[in-house]
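Data block for model.cif (mmCIF, C-alpha atoms and all ligand atoms):
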data_input
#
loop_
_atom_site.label_atom_id
_atom_site.label_comp_id
_atom_site.auth_asym_id
_atom_site.auth_seq_id
_atom_site.Cartn_x
_atom_site.Cartn_y
_atom_site.Cartn_z
CA MET A 1 164.16 -124.35 313.07
CA SER A 2 161.24 -125.46 315.22
CA THR A 3 158.62 -127.86 313.84
CA ILE A 4 155.30 -126.10 313.21
CA THR A 5 152.40 -128.32 314.23
CA LEU A 6 148.70 -127.54 313.96
CA ILE A 7 146.17 -129.32 316.16
CA THR A 8 142.42 -129.18 315.56
CA GLY A 9 140.18 -129.25 318.63
CA GLY A 10 143.13 -128.23 320.79
CA ASN A 11 141.12 -126.62 323.58
CA ARG A 12 140.43 -129.75 325.66
CA GLY A 13 140.93 -133.48 325.95
CA ILE A 14 143.48 -135.25 323.79
CA GLY A 15 144.09 -132.19 321.56
CA LEU A 16 145.13 -130.10 324.56
CA GLU A 17 147.31 -132.93 325.92
CA VAL A 18 149.06 -133.33 322.53
CA SER A 19 149.64 -129.55 322.45
CA ARG A 20 151.15 -129.70 325.94
CA GLN A 21 153.48 -132.59 325.06
CA LEU A 22 154.64 -130.97 321.81
CA ILE A 23 155.38 -127.63 323.46
CA ALA A 24 157.49 -129.53 326.00
CA LYS A 25 159.38 -130.98 323.01
CA GLY A 26 160.01 -127.56 321.44
CA HIS A 27 157.35 -127.48 318.71
CA THR A 28 155.66 -124.30 317.58
CA VAL A 29 152.08 -125.37 318.29
CA LEU A 30 149.17 -123.81 316.44
CA LEU A 31 146.41 -124.70 318.88
CA THR A 32 143.16 -124.30 316.97
CA SER A 33 139.76 -124.11 318.60
CA ARG A 34 136.30 -123.34 317.23
CA ASP A 35 135.87 -120.94 320.16
CA LEU A 36 138.86 -118.59 320.37
CA GLU A 37 138.30 -117.77 324.04
CA LYS A 38 138.18 -121.46 325.02
CA GLY A 39 141.40 -121.99 323.09
CA GLN A 40 143.09 -119.07 324.84
CA LYS A 41 141.99 -120.30 328.28
CA ALA A 42 143.25 -123.81 327.49
CA ALA A 43 146.59 -122.51 326.17
CA ALA A 44 147.07 -120.55 329.41
CA THR A 45 147.07 -123.86 331.33
CA ILE A 46 150.07 -125.20 329.38
CA PRO A 47 153.41 -124.86 331.17
CA GLU A 48 155.87 -122.56 329.36
CA GLY A 49 158.41 -123.64 326.74
CA PRO A 50 160.66 -124.69 325.24
CA GLY A 51 158.15 -124.51 322.36
CA GLN A 52 155.59 -121.77 321.76
CA VAL A 53 151.82 -121.83 321.44
CA PHE A 54 149.69 -119.69 319.14
CA VAL A 55 145.90 -119.89 319.44
CA ILE A 56 143.90 -119.67 316.23
CA GLU A 57 140.15 -119.94 315.70
CA MET A 58 139.02 -122.74 313.39
CA ASP A 59 135.78 -124.69 313.10
CA VAL A 60 136.52 -127.79 311.01
CA THR A 61 132.95 -127.87 309.67
CA ASN A 62 133.04 -124.30 308.34
CA THR A 63 134.89 -123.62 305.08
CA ASP A 64 135.19 -119.87 305.69
CA SER A 65 136.67 -120.52 309.13
CA ILE A 66 139.16 -123.08 307.72
CA ASN A 67 140.23 -120.73 304.92
CA ALA A 68 140.62 -117.77 307.31
CA ALA A 69 142.85 -119.87 309.61
CA ARG A 70 144.87 -121.09 306.63
CA ASP A 71 145.39 -117.54 305.29
CA ASP A 72 146.41 -116.30 308.75
CA ILE A 73 148.94 -119.14 309.14
CA GLN A 74 150.25 -118.59 305.59
CA ALA A 75 150.86 -114.91 306.38
CA ARG A 76 152.46 -115.49 309.80
CA PHE A 77 154.39 -118.75 309.36
CA GLY A 78 154.57 -119.46 305.60
CA ARG A 79 154.48 -123.25 306.09
CA LEU A 80 153.13 -126.10 308.18
CA ASP A 81 155.13 -129.23 309.10
CA VAL A 82 152.52 -131.36 310.86
CA LEU A 83 148.73 -131.38 310.73
CA VAL A 84 147.02 -133.25 313.59
CA ASN A 85 143.36 -133.79 312.70
CA ASN A 86 142.12 -134.38 316.24
CA ALA A 87 138.70 -132.68 316.47
CA GLY A 88 135.95 -135.27 316.76
CA ILE A 89 132.44 -135.68 318.15
CA ASP A 90 129.72 -137.96 319.42
CA TYR A 91 130.59 -141.47 320.54
CA ASP A 92 126.97 -142.50 319.91
CA ARG A 93 126.83 -145.68 321.99
CA ASP A 94 123.19 -144.91 322.82
CA GLN A 95 122.19 -145.48 319.17
CA ASN A 96 121.42 -148.74 317.38
CA VAL A 97 122.18 -148.95 313.67
CA LEU A 98 118.62 -150.16 312.92
CA SER A 99 116.93 -147.15 314.52
CA ALA A 100 119.71 -144.55 314.24
CA ASP A 101 118.90 -140.85 313.86
CA LEU A 102 120.51 -140.28 310.47
CA ASP A 103 120.58 -136.50 310.88
CA ARG A 104 122.76 -137.13 313.93
CA VAL A 105 124.93 -139.55 311.92
CA ARG A 106 125.31 -136.91 309.18
CA ARG A 107 126.49 -134.41 311.81
CA ILE A 108 129.04 -136.93 313.07
CA LEU A 109 130.37 -137.49 309.55
CA GLU A 110 130.45 -133.72 308.95
CA THR A 111 133.06 -133.32 311.71
CA ASN A 112 134.86 -136.68 311.91
CA LEU A 113 135.18 -137.29 308.15
CA PHE A 114 134.44 -134.18 306.08
CA GLY A 115 136.08 -131.91 308.67
CA VAL A 116 139.35 -133.81 308.33
CA TRP A 117 139.04 -133.94 304.55
CA SER A 118 138.38 -130.18 304.23
CA VAL A 119 141.14 -129.15 306.63
CA THR A 120 143.67 -131.46 304.96
CA ASN A 121 142.97 -130.15 301.48
CA ALA A 122 142.96 -126.52 302.63
CA PHE A 123 146.35 -126.89 304.36
CA LEU A 124 148.07 -128.94 301.63
CA PRO A 125 149.78 -125.92 300.02
CA LEU A 126 151.31 -124.99 303.40
CA LEU A 127 152.33 -128.60 304.14
CA ARG A 128 154.02 -128.73 300.72
CA GLU A 129 156.32 -125.95 301.94
CA SER A 130 157.68 -128.30 304.64
CA ASP A 131 160.81 -130.49 304.29
CA ASN A 132 159.13 -133.23 306.32
CA PRO A 133 155.33 -133.01 306.00
CA ARG A 134 153.17 -135.26 308.17
CA ILE A 135 149.44 -135.69 308.67
CA VAL A 136 148.11 -137.49 311.73
CA ASN A 137 144.43 -138.42 311.71
CA VAL A 138 143.16 -139.17 315.20
CA SER A 139 140.96 -142.18 314.63
CA SER A 140 139.62 -144.92 316.90
CA GLU A 141 139.65 -148.67 317.21
CA ALA A 142 135.87 -148.27 317.09
CA GLY A 143 136.43 -147.73 313.36
CA SER A 144 138.42 -150.93 312.93
CA ILE A 145 136.14 -153.02 310.69
CA ALA A 146 137.92 -156.17 311.88
CA GLY A 147 136.77 -155.50 315.46
CA ILE A 148 133.43 -153.68 315.08
CA GLU A 149 130.95 -154.88 317.71
CA GLY A 150 127.84 -153.05 316.55
CA TRP A 151 127.72 -150.18 319.04
CA ALA A 152 128.23 -146.48 318.27
CA PRO A 153 127.11 -146.88 314.64
CA GLY A 154 127.59 -143.26 313.53
CA TYR A 155 130.94 -142.81 315.28
CA SER A 156 132.30 -146.20 314.14
CA THR A 157 131.26 -145.55 310.54
CA SER A 158 132.87 -142.11 310.64
CA LYS A 159 136.18 -143.50 311.91
CA ALA A 160 136.17 -146.44 309.44
CA ALA A 161 135.68 -143.86 306.66
CA LEU A 162 138.44 -141.71 308.17
CA ASN A 163 140.76 -144.73 308.02
CA ALA A 164 139.94 -145.19 304.33
CA LEU A 165 140.56 -141.48 303.73
CA THR A 166 143.92 -141.84 305.50
CA VAL A 167 145.06 -144.64 303.18
CA ILE A 168 143.90 -142.87 300.01
CA THR A 169 145.57 -139.60 301.07
CA ALA A 170 148.78 -141.42 302.05
CA LYS A 171 148.99 -143.13 298.67
CA GLU A 172 148.32 -139.91 296.79
CA LEU A 173 151.01 -137.98 298.70
CA ARG A 174 153.61 -140.72 299.09
CA ARG A 175 155.75 -139.56 296.17
CA GLU A 176 155.88 -136.05 297.67
CA GLY A 177 157.43 -137.45 300.87
CA PHE A 178 154.37 -137.02 303.11
CA LEU A 179 153.76 -139.42 306.01
CA VAL A 180 150.01 -139.80 306.56
CA ASN A 181 148.80 -142.12 309.32
CA ALA A 182 145.74 -142.84 311.45
CA VAL A 183 146.26 -143.19 315.19
CA CYS A 184 144.04 -144.40 318.02
CA PRO A 185 144.92 -142.77 321.36
CA GLY A 186 143.30 -145.64 323.30
CA TRP A 187 140.36 -145.28 325.68
CA ILE A 188 141.09 -142.03 327.51
CA ALA A 189 139.12 -140.25 330.24
CA THR A 190 138.13 -137.09 328.36
CA ASP A 191 134.67 -135.55 328.01
CA MET A 192 134.15 -137.97 325.12
CA GLY A 193 135.83 -141.02 326.66
CA GLY A 194 134.13 -140.67 330.06
CA PRO A 195 135.52 -141.36 333.51
CA GLY A 196 136.31 -145.06 332.88
CA GLY A 197 139.11 -144.28 330.44
CA GLY A 198 142.84 -144.08 331.11
CA PRO A 199 144.87 -140.95 331.90
CA LEU A 200 145.63 -138.32 329.26
CA PRO A 201 149.45 -138.61 328.92
CA PRO A 202 149.56 -142.10 327.29
CA GLY A 203 146.74 -141.08 324.90
CA GLY A 204 148.72 -137.99 323.94
CA ARG A 205 151.92 -140.00 323.48
CA SER A 206 150.16 -142.40 321.10
CA VAL A 207 149.40 -139.41 318.83
CA VAL A 208 152.79 -137.73 319.35
CA TRP A 209 154.50 -140.94 318.14
CA ALA A 210 153.04 -140.35 314.66
CA VAL A 211 153.88 -136.62 314.81
CA GLU A 212 157.56 -137.38 315.42
CA LEU A 213 158.09 -140.10 312.82
CA PRO A 214 161.44 -139.87 311.04
CA LYS A 215 161.53 -139.06 307.32
CA ASP A 216 161.72 -142.76 306.42
CA GLY A 217 158.89 -143.68 308.81
CA PRO A 218 155.74 -145.55 307.81
CA THR A 219 152.83 -144.02 305.90
CA GLY A 220 149.26 -145.19 305.28
CA GLY A 221 149.02 -147.17 308.54
CA PHE A 222 146.75 -147.37 311.61
CA TYR A 223 148.59 -147.34 314.96
CA GLN A 224 148.19 -147.25 318.71
CA ASN A 225 151.28 -146.61 320.84
CA GLY A 226 153.43 -147.21 317.75
CA ARG A 227 151.94 -150.66 317.08
CA ARG A 228 149.88 -151.53 313.99
CA LEU A 229 146.14 -151.97 314.51
CA GLU A 230 143.92 -154.10 312.29
CA TRP A 231 141.85 -152.10 309.81
N1 LIG B 301 138.71 -140.25 324.46
C1 LIG B 301 138.79 -141.44 323.92
O1 LIG B 301 138.69 -142.48 324.61
C2 LIG B 301 139.07 -141.58 322.44
C3 LIG B 301 139.28 -142.88 321.94
C4 LIG B 301 139.56 -143.02 320.58
C5 LIG B 301 139.60 -141.90 319.76
N2 LIG B 301 139.36 -140.65 320.28
C6 LIG B 301 139.42 -139.50 319.35
O2 LIG B 301 140.30 -138.53 319.87
C7 LIG B 301 139.93 -137.22 319.38
C8 LIG B 301 139.83 -136.25 320.56
O3 LIG B 301 138.81 -136.77 321.43
P1 LIG B 301 138.67 -136.35 322.96
O4 LIG B 301 138.45 -137.59 323.71
O5 LIG B 301 139.76 -135.40 323.34
O6 LIG B 301 137.26 -135.59 322.86
P2 LIG B 301 136.71 -134.28 323.61
O7 LIG B 301 137.31 -134.15 324.96
O8 LIG B 301 135.24 -134.38 323.46
O9 LIG B 301 137.29 -133.08 322.71
C9 LIG B 301 136.88 -132.94 321.38
C10 LIG B 301 137.54 -131.71 320.81
O10 LIG B 301 137.08 -131.57 319.43
C11 LIG B 301 136.65 -130.23 319.28
N3 LIG B 301 135.68 -130.09 318.19
C12 LIG B 301 134.48 -130.71 318.04
N4 LIG B 301 133.87 -130.26 316.93
C13 LIG B 301 134.69 -129.33 316.37
C14 LIG B 301 134.61 -128.50 315.24
N5 LIG B 301 133.55 -128.51 314.41
N6 LIG B 301 135.66 -127.67 314.96
C15 LIG B 301 136.74 -127.64 315.77
N7 LIG B 301 136.85 -128.37 316.89
C16 LIG B 301 135.83 -129.20 317.18
C17 LIG B 301 136.04 -129.86 320.63
O11 LIG B 301 135.89 -128.46 320.71
P3 LIG B 301 134.70 -127.80 321.65
O12 LIG B 301 135.27 -127.71 323.04
O13 LIG B 301 134.47 -126.48 321.00
O14 LIG B 301 133.51 -128.71 321.58
C18 LIG B 301 137.14 -130.42 321.53
O15 LIG B 301 138.24 -129.55 321.58
C19 LIG B 301 138.60 -137.43 318.63
O16 LIG B 301 138.84 -137.49 317.25
C20 LIG B 301 138.11 -138.77 319.16
O17 LIG B 301 137.25 -139.41 318.26
C21 LIG B 301 139.08 -140.47 321.59
#

Rewritten as structure tokens:
Amino acid sequence: MSTITLITGGNRGIGLEVSRQLIAKGHTVLLTSRDLEKGQKAAATIPEGPGQVFVIEMDVTNTDSINAARDDIQARFGRLDVLVNNAGIDYDRDQNVLSADLDRVRRILETNLFGVWSVTNAFLPLLRESDNPRIVNVSSEAGSIAGIEGWAPGYSTSKAALNALTVITAKELRREGFLVNAVCPGWIATDMGGPGGGPLPPGGRSVVWAVELPKDGPTGGFYQNGRRLEW
């Protein structure tokens, strides 16, 4: 039976690359996108098989949209094995913490923190139907408190909070056999990362590592390319 893996923000960047790599490994990929047409166009660029791709509309900041996607997936697939919380916004390097636009920071948290939190809780019943449930939160070293340099205050705060959410969720679900980890893909040349970043495949592999963890794999950690990062 093929592993059913949902990816948020699957229509471009790292989400699309992860979708591509998992389809090549035989997963049933639920590529979600807040714009259905963009998701369909992106899915059409993925080489065929051995896995399959299904495109589903989902905006991680909209409860109705999350619930509609969940109900659709419940009806069509009956379970979810892996949730990849990838959608993220606004690497706000142009802001300084002392003069930051807090409405902008709230918008960042709405997607990068509350989006992940809402999607995770909405999909829990479907993940509980899996024999090997995993949640992968795509975070960033910019959220590593040990290494924070002071730039991108909204983004860094959102990813530090996401890391905390990852640990709390992992502890809560440990007894149910869930593996819940945060992963940094590294600096990758996407729309967000900009042209100075590295190529997509290694960034995708860093995420896929946490998707493919064996049943006795780690939980509640923060990783890049399979190696622990400092919190
Ligand atoms: N690139 C890097 O160097 C880097 C480094 C560390 C961590 N990361 C993390 O990796 C993840 C992916 O980043 P990326 O570089 O691939 O960024 P990207 O190219 O800007 O793509 C972001 C994706 O998130 C989606 N998204 C944004 N808001 C959404 C919402 N409300 N609902 C659903 N989808 C939404 C976007 O959809 P639309 O097309 O509709 O906007 C897009 O598909 C993010 O969590 C990011 O923080 C990236």

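Proximity of A:Asp131, A:Gly226, A:Pro202, A:Gly154 to Arg93 of chain A, computed with only C-alpha atoms, is greatest for A:Gly154.
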
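Ranking A:Asp90, A:Asp35, A:Glu48, A:Glu230 by their shortest atom-to-atom distance to Ser19 of chain A, with all atoms listed in the file included, puts A:Glu48 first.
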
Residues at most 6 Å from ligand LIG 301 (chain B), using only C-alpha atoms and all ligand atoms? Could they come as an NGL selection string? :A and (8-15 or 33-35 or 58-61 or 86-89 or 111 or 138-140 or 184-193)

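Considering the residues A:Asn132, A:Ser65, A:Thr166, A:Ser156 and counting all atoms listed in the file, Trp117 of chain A has its shortest atom-to-atom contact with A:Thr166.
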
Could you tell me, as number ranges by chain, which residues have any atom at most 8 Å from (155.2, -129.0, 309.9), counting only C-alpha atoms? A: 3-6, 79-83, 127, 130, 132-134

Using all atoms listed in the file, which of the listed residues (A:Ser206, A:Val97, A:Val84, A:Ala182) sits closest to Gly150 of chain A? A:Val97

For Asp64 of chain A, which residue among A:Ile46, A:Tyr91, A:Val119, A:Asn96 is the nearest when counting all atoms listed in the file? A:Val119

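Residue neighbourhood of Ala170 of chain A, excluding near-sequence residues (fewer than 5 positions): Ile135, Leu165, Phe178, Leu179, Val180, Asn181, Thr219, Gly220 and Gly221 of chain A, at 9 Å, using all atoms listed in the file.
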
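Considering only C-alpha atoms, the residue among A:Leu200, A:Asp103, A:Tyr223, A:Pro153 positioned nearest to Glu17 of chain A is A:Leu200.
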
State, in Å with one decimal place, the distance from atom CA of Pro195 of chain A to atom CA of Leu109 of chain A. 24.8 Å

Skip Asp71 of chain A itself and residues of its chain fewer than 3 positions away, then list as a PDB file with C-alpha atoms, in the frame of the given file all residues within 12 Å of it, counting only C-alpha atoms.
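Output (selection31.pdb):
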ATOM      1  CA  ILE A  56     143.900-119.670 316.230  1.00  0.00           C
ATOM      2  CA  GLU A  57     140.150-119.940 315.700  1.00  0.00           C
ATOM      3  CA  MET A  58     139.020-122.740 313.390  1.00  0.00           C
ATOM      4  CA  ASP A  64     135.190-119.870 305.690  1.00  0.00           C
ATOM      5  CA  SER A  65     136.670-120.520 309.130  1.00  0.00           C
ATOM      6  CA  ILE A  66     139.160-123.080 307.720  1.00  0.00           C
ATOM      7  CA  ASN A  67     140.230-120.730 304.920  1.00  0.00           C
ATOM      8  CA  ALA A  68     140.620-117.770 307.310  1.00  0.00           C
ATOM      9  CA  GLN A  74     150.250-118.590 305.590  1.00  0.00           C
ATOM     10  CA  ALA A  75     150.860-114.910 306.380  1.00  0.00           C
ATOM     11  CA  ARG A  76     152.460-115.490 309.800  1.00  0.00           C
ATOM     12  CA  PHE A  77     154.390-118.750 309.360  1.00  0.00           C
ATOM     13  CA  GLY A  78     154.570-119.460 305.600  1.00  0.00           C
ATOM     14  CA  ARG A  79     154.480-123.250 306.090  1.00  0.00           C
ATOM     15  CA  LEU A  80     153.130-126.100 308.180  1.00  0.00           C
ATOM     16  CA  ALA A 122     142.960-126.520 302.630  1.00  0.00           C
ATOM     17  CA  PHE A 123     146.350-126.890 304.360  1.00  0.00           C
ATOM     18  CA  PRO A 125     149.780-125.920 300.020  1.00  0.00           C
ATOM     19  CA  LEU A 126     151.310-124.990 303.400  1.00  0.00           C
TER      20      LEU A 126
END

For atom CA of Glu176 of chain A and atom CA of Val18 of chain A, quote the distance in Å rounded to one decimal. 25.9 Å

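Between atom CA of Arg128 of chain A and atom CA of Gly204 of chain A the interatomic distance comes to 25.6 Å.
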
Kindly add N, CA and C atoms to the incomplete segment 63-91 of chain A and provide the output as a PDB file, in the frame of the given file.
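Final output, saved to part-v5.pdb:
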ATOM      1  N   THR A  63     133.865-123.909 306.095  1.00  0.00           N
ATOM      2  CA  THR A  63     134.890-123.620 305.080  1.00  0.00           C
ATOM      3  C   THR A  63     135.497-122.235 305.240  1.00  0.00           C
ATOM      4  N   ASP A  64     134.656-121.229 305.532  1.00  0.00           N
ATOM      5  CA  ASP A  64     135.190-119.870 305.690  1.00  0.00           C
ATOM      6  C   ASP A  64     136.172-119.814 306.859  1.00  0.00           C
ATOM      7  N   SER A  65     135.813-120.498 307.943  1.00  0.00           N
ATOM      8  CA  SER A  65     136.670-120.520 309.130  1.00  0.00           C
ATOM      9  C   SER A  65     138.000-121.221 308.820  1.00  0.00           C
ATOM     10  N   ILE A  66     137.938-122.336 308.088  1.00  0.00           N
ATOM     11  CA  ILE A  66     139.160-123.080 307.720  1.00  0.00           C
ATOM     12  C   ILE A  66     140.049-122.198 306.833  1.00  0.00           C
ATOM     13  N   ASN A  67     139.439-121.551 305.843  1.00  0.00           N
ATOM     14  CA  ASN A  67     140.230-120.730 304.920  1.00  0.00           C
ATOM     15  C   ASN A  67     140.842-119.514 305.624  1.00  0.00           C
ATOM     16  N   ALA A  68     140.094-118.931 306.564  1.00  0.00           N
ATOM     17  CA  ALA A  68     140.620-117.770 307.310  1.00  0.00           C
ATOM     18  C   ALA A  68     141.828-118.200 308.143  1.00  0.00           C
ATOM     19  N   ALA A  69     141.713-119.374 308.795  1.00  0.00           N
ATOM     20  CA  ALA A  69     142.850-119.870 309.610  1.00  0.00           C
ATOM     21  C   ALA A  69     144.042-120.151 308.697  1.00  0.00           C
ATOM     22  N   ARG A  70     143.791-120.770 307.571  1.00  0.00           N
ATOM     23  CA  ARG A  70     144.870-121.090 306.630  1.00  0.00           C
ATOM     24  C   ARG A  70     145.578-119.807 306.152  1.00  0.00           C
ATOM     25  N   ASP A  71     144.798-118.792 305.796  1.00  0.00           N
ATOM     26  CA  ASP A  71     145.390-117.540 305.290  1.00  0.00           C
ATOM     27  C   ASP A  71     146.215-116.853 306.389  1.00  0.00           C
ATOM     28  N   ASP A  72     145.699-116.892 307.606  1.00  0.00           N
ATOM     29  CA  ASP A  72     146.410-116.300 308.750  1.00  0.00           C
ATOM     30  C   ASP A  72     147.758-117.018 308.955  1.00  0.00           C
ATOM     31  N   ILE A  73     147.722-118.355 308.909  1.00  0.00           N
ATOM     32  CA  ILE A  73     148.940-119.140 309.140  1.00  0.00           C
ATOM     33  C   ILE A  73     149.924-118.948 307.978  1.00  0.00           C
ATOM     34  N   GLN A  74     149.406-118.873 306.768  1.00  0.00           N
ATOM     35  CA  GLN A  74     150.250-118.590 305.590  1.00  0.00           C
ATOM     36  C   GLN A  74     150.992-117.264 305.788  1.00  0.00           C
ATOM     37  N   ALA A  75     150.262-116.238 306.221  1.00  0.00           N
ATOM     38  CA  ALA A  75     150.860-114.910 306.380  1.00  0.00           C
ATOM     39  C   ALA A  75     151.883-114.887 307.526  1.00  0.00           C
ATOM     40  N   ARG A  76     151.580-115.589 308.626  1.00  0.00           N
ATOM     41  CA  ARG A  76     152.460-115.490 309.800  1.00  0.00           C
ATOM     42  C   ARG A  76     153.612-116.477 309.798  1.00  0.00           C
ATOM     43  N   PHE A  77     153.379-117.685 309.236  1.00  0.00           N
ATOM     44  CA  PHE A  77     154.390-118.750 309.360  1.00  0.00           C
ATOM     45  C   PHE A  77     154.903-119.250 308.001  1.00  0.00           C
ATOM     46  N   GLY A  78     154.109-119.116 306.957  1.00  0.00           N
ATOM     47  CA  GLY A  78     154.570-119.460 305.600  1.00  0.00           C
ATOM     48  C   GLY A  78     154.628-120.950 305.309  1.00  0.00           C
ATOM     49  N   ARG A  79     154.467-121.796 306.326  1.00  0.00           N
ATOM     50  CA  ARG A  79     154.480-123.250 306.090  1.00  0.00           C
ATOM     51  C   ARG A  79     153.852-123.951 307.285  1.00  0.00           C
ATOM     52  N   LEU A  80     153.589-125.240 307.079  1.00  0.00           N
ATOM     53  CA  LEU A  80     153.130-126.100 308.180  1.00  0.00           C
ATOM     54  C   LEU A  80     153.874-127.417 308.034  1.00  0.00           C
ATOM     55  N   ASP A  81     154.404-127.950 309.152  1.00  0.00           N
ATOM     56  CA  ASP A  81     155.130-129.230 309.100  1.00  0.00           C
ATOM     57  C   ASP A  81     154.227-130.420 309.424  1.00  0.00           C
ATOM     58  N   VAL A  82     153.373-130.244 310.429  1.00  0.00           N
ATOM     59  CA  VAL A  82     152.520-131.360 310.860  1.00  0.00           C
ATOM     60  C   VAL A  82     151.091-130.874 311.056  1.00  0.00           C
ATOM     61  N   LEU A  83     150.157-131.639 310.499  1.00  0.00           N
ATOM     62  CA  LEU A  83     148.730-131.380 310.730  1.00  0.00           C
ATOM     63  C   LEU A  83     148.173-132.537 311.556  1.00  0.00           C
ATOM     64  N   VAL A  84     147.647-132.226 312.749  1.00  0.00           N
ATOM     65  CA  VAL A  84     147.020-133.250 313.590  1.00  0.00           C
ATOM     66  C   VAL A  84     145.508-133.028 313.546  1.00  0.00           C
ATOM     67  N   ASN A  85     144.821-133.876 312.796  1.00  0.00           N
ATOM     68  CA  ASN A  85     143.360-133.790 312.700  1.00  0.00           C
ATOM     69  C   ASN A  85     142.765-134.536 313.892  1.00  0.00           C
ATOM     70  N   ASN A  86     142.554-133.786 314.972  1.00  0.00           N
ATOM     71  CA  ASN A  86     142.120-134.380 316.240  1.00  0.00           C
ATOM     72  C   ASN A  86     140.642-134.156 316.554  1.00  0.00           C
ATOM     73  N   ALA A  87     140.081-133.025 316.085  1.00  0.00           N
ATOM     74  CA  ALA A  87     138.700-132.680 316.470  1.00  0.00           C
ATOM     75  C   ALA A  87     137.751-133.820 316.095  1.00  0.00           C
ATOM     76  N   GLY A  88     136.886-134.183 317.030  1.00  0.00           N
ATOM     77  CA  GLY A  88     135.950-135.270 316.760  1.00  0.00           C
ATOM     78  C   GLY A  88     134.774-135.165 317.714  1.00  0.00           C
ATOM     79  N   ILE A  89     133.654-135.771 317.317  1.00  0.00           N
ATOM     80  CA  ILE A  89     132.440-135.680 318.150  1.00  0.00           C
ATOM     81  C   ILE A  89     131.680-137.002 318.249  1.00  0.00           C
ATOM     82  N   ASP A  90     130.879-137.076 319.267  1.00  0.00           N
ATOM     83  CA  ASP A  90     129.720-137.960 319.420  1.00  0.00           C
ATOM     84  C   ASP A  90     129.965-139.463 319.305  1.00  0.00           C
ATOM     85  N   TYR A  91     130.448-140.009 320.416  1.00  0.00           N
ATOM     86  CA  TYR A  91     130.590-141.470 320.540  1.00  0.00           C
ATOM     87  C   TYR A  91     129.183-142.003 320.837  1.00  0.00           C
TER      88      TYR A  91
END
